[in-house]
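Q: First, the structure itself, so that you have it in front of you.
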Amino acid sequence: MASPELAGLYQQVILDHSKLRKGSGLVDGGVAESHQLNPTCGDEITLRLHLVEGSGTGTGTGTGDVGAAGEPIIERLSWDGQGCSISMASASLLSELAPGLTPTELTERIALFREMMRSRGAGVEDDEPLGDAAVLESVSKYIARVKCAMLAWVAAEDTVQQVTAGRA
Amino acid sequence: MTLADLPRTTFGNDDAKRVRADFPALDQEVNGHALVYLDSGATSQKPRAVLDVERHYYERQNAAVHRGAHTLAALATESYEQARQNVAAFVGVDEDEIVWTSNATEGVNLVAYGLSNASLGRGGAEADALRLTADSEIVITEGEHHSNLVPWQELAARTGATLRAIPLQDDGTLSLDDAERLITGRTAIVAVTHVSNVTGVINPIAELVEIAHRHGALLLLDACQSAPHLPLDLHALDVDFAVFSGHKMLAPTGIGALYGRRALLNALPPFLTGGSMITTVTLEESGYLPAPQRFEAGTQRISQAIALSAATDYLSAIGMHNVAAWEHTLGERLLAGLLEIDGVRVLGPQTPEGRAGLVAFDLDGVHAHDVGQFLDDRGIAARVGHHCAQPLHRRFGVTASTRASTYVYNTFEDVDAFVDGVRDIRSFFGVV
């Protein structure tokens, strides 16, 4: 019926998240918003970054309980979008990962995710910081689909950069 | 001409299989399955005869045309101009009415920028009739490919003219009443596709030409999806301009053609300027050759033009009536098969009449990209996305669709593999 490769691309957790769409539905407020479009297929997302004054140090584990004053922490990402199962699942998995991280930590995870997506199936040494989003590694074998998986992450990266630029 | 006018044909599945054997690219496995290529609407595969002609040109003739006195230059020039004559005959026009372009997109831009230059006063008195002003209107349809839409948006922006679009009906067809309403004495040019690359609708071109000409407007035909698939007689259709791309009709990429009525082409100011399109050049100004050379600046796409000519020879040997009739048969089977599948919504007419051999559809609950991925896993190549027709997709309330488009080398087996594949998709994605 379907090859093992295809079954690997569309693992159950990915199909589940493509329907679950965690974080879907824009929430009022937020400190930055980004709209990203994949012009070849029409997939698009509008994503907002919601921060709370926190005590992050930029070196935390993402559990949001790191001491020391400094960076705010991410309360949530909220988004509206439409697209293929990979792009929607990826946005959902990102929305699950981000809360409790500082913007700096999220930036690091986005960089790791991008490295994984560019690995052409080889993966990254340590994908644990990506949580469940690590299942998207299978997408990296399908070069044409990498941009689907990256869409929400590029939007999140843009919101963080807006905040950083605003602060600078 | 409509499909009903085609002569009867006996071309069948065995003939298609024989044709298929001429195409090396079709004889391969993809993801462990024999390739099923149903993306010819995007680009066609090439027969050995075309590949051989291009190779032979580079191995035996290669030289710059229309310059140089040596033997190879003469041979190349002869082949190149013979190709023009041949391609002109294939679409029912005279050789000096065919301008080589890179593709249909460049052809549309050539006309749009030519009109733009005329509007700026270039081209002198002869081009006066081609001027657009802020009172002018350009009429397109809601179903156009972006290549026959964006250049007109740009022309409107440069000249102050207004761009109007004939709306599509719910089944993707055009209403001639709407055309009558929108094409008026203010209309400078009507730009319309012959066959929709999404719905497969064959538009009523003769009627649209009549309306346009009654109001003194020009009509440009996008023949990208008709020149490869239907017998085409542009003189009989009486269009003023027409464009098509070689790569969709068995030829290489990088070559296409613009047809223009002789008087129009000779009045239209050039788009690209430079070498080879001039008469006398001084440091201050230049004179231009008549068409088609005035539109062919710089060293041309010689091997591609010769290969396009070989492609039209190949198609003529099969017979364009056979090509059209066979694709209609395939399209009928494709449409019938897809309409039986739960969750399939076909974009465009739900019956095969007046439709070309392609079908685009939305599959409820599964995004087109995922549909395409599933099919690719079975070695089936189809197009997914908006097919460069965003307004048309918006009209149907979707952002993307899946399209299977046939050519003369496709078989019943190809169509059946596609339909079987689509039937399995929703359960794979857990939608049903």
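We name chains A, B, ... following the order of the structure tokens; residues begin at 1 in each chain, and ligands are numbered from 1 as shown.
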Within 10 Å of chain A, which residues of chain B show up when using only C-alpha atoms, listed as a PyMOL selection string?

A: chain B and resi 31-32+365-371+373-378+384-388+390+398-401+421+424-425+428-431

Q: Excluding B:Asp177 and its own-chain neighbours fewer than 4 positions away, which residues fall within 12 Å of it when counting only C-alpha atoms? Please give them as a count of residues only.

A: 11

Q: Identify, with DSSP run on backbone atoms, the residues in chain A assigned to helix (DSSP H, G or I), and express the list as a count of residues only.

A: 82

Q: DSSP says strand (DSSP E or B) for which residues of stretch 16-124 of chain B? Put them as a ChimeraX atom specification?

A: /B:29-30,33-34,36-37,39,98-101

Q: Can you spit out the residues from that selection as a PDB file, in the first residue's frame, using N, CA and C atoms?

A:
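Output saved as selection_23.pdb:
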ATOM      1  N   GLU B  29      11.856   3.550 -13.495  1.00  0.00           N
ATOM      2  CA  GLU B  29      11.139   3.338 -12.247  1.00  0.00           C
ATOM      3  C   GLU B  29      11.350   4.531 -11.328  1.00  0.00           C
ATOM      4  N   VAL B  30      10.290   4.897 -10.625  1.00  0.00           N
ATOM      5  CA  VAL B  30      10.385   5.945  -9.613  1.00  0.00           C
ATOM      6  C   VAL B  30       9.838   5.367  -8.312  1.00  0.00           C
ATOM      7  N   HIS B  33       8.382   1.908  -8.588  1.00  0.00           N
ATOM      8  CA  HIS B  33       7.228   1.664  -9.471  1.00  0.00           C
ATOM      9  C   HIS B  33       7.532   2.205 -10.865  1.00  0.00           C
ATOM     10  N   ALA B  34       6.932   1.595 -11.882  1.00  0.00           N
ATOM     11  CA  ALA B  34       7.058   2.146 -13.231  1.00  0.00           C
ATOM     12  C   ALA B  34       6.469   3.555 -13.216  1.00  0.00           C
ATOM     13  N   VAL B  36       4.512   6.740 -13.790  1.00  0.00           N
ATOM     14  CA  VAL B  36       3.237   7.152 -14.399  1.00  0.00           C
ATOM     15  C   VAL B  36       3.298   8.672 -14.472  1.00  0.00           C
ATOM     16  N   TYR B  37       3.509   9.184 -15.671  1.00  0.00           N
ATOM     17  CA  TYR B  37       3.723  10.632 -15.806  1.00  0.00           C
ATOM     18  C   TYR B  37       2.434  11.315 -16.231  1.00  0.00           C
ATOM     19  N   ASP B  39       1.886  14.774 -15.643  1.00  0.00           N
ATOM     20  CA  ASP B  39       2.139  16.190 -15.386  1.00  0.00           C
ATOM     21  C   ASP B  39       2.555  16.905 -16.675  1.00  0.00           C
ATOM     22  N   ILE B  98       5.742  34.393 -37.124  1.00  0.00           N
ATOM     23  CA  ILE B  98       6.173  33.642 -35.944  1.00  0.00           C
ATOM     24  C   ILE B  98       7.464  34.260 -35.405  1.00  0.00           C
ATOM     25  N   VAL B  99       7.403  34.692 -34.156  1.00  0.00           N
ATOM     26  CA  VAL B  99       8.572  35.243 -33.461  1.00  0.00           C
ATOM     27  C   VAL B  99       9.002  34.216 -32.425  1.00  0.00           C
ATOM     28  N   TRP B 100      10.284  33.874 -32.405  1.00  0.00           N
ATOM     29  CA  TRP B 100      10.763  32.954 -31.367  1.00  0.00           C
ATOM     30  C   TRP B 100      10.850  33.705 -30.044  1.00  0.00           C
ATOM     31  N   THR B 101      10.424  33.032 -29.010  1.00  0.00           N
ATOM     32  CA  THR B 101      10.556  33.585 -27.654  1.00  0.00           C
ATOM     33  C   THR B 101      11.128  32.473 -26.780  1.00  0.00           C
TER      34      THR B 101
END
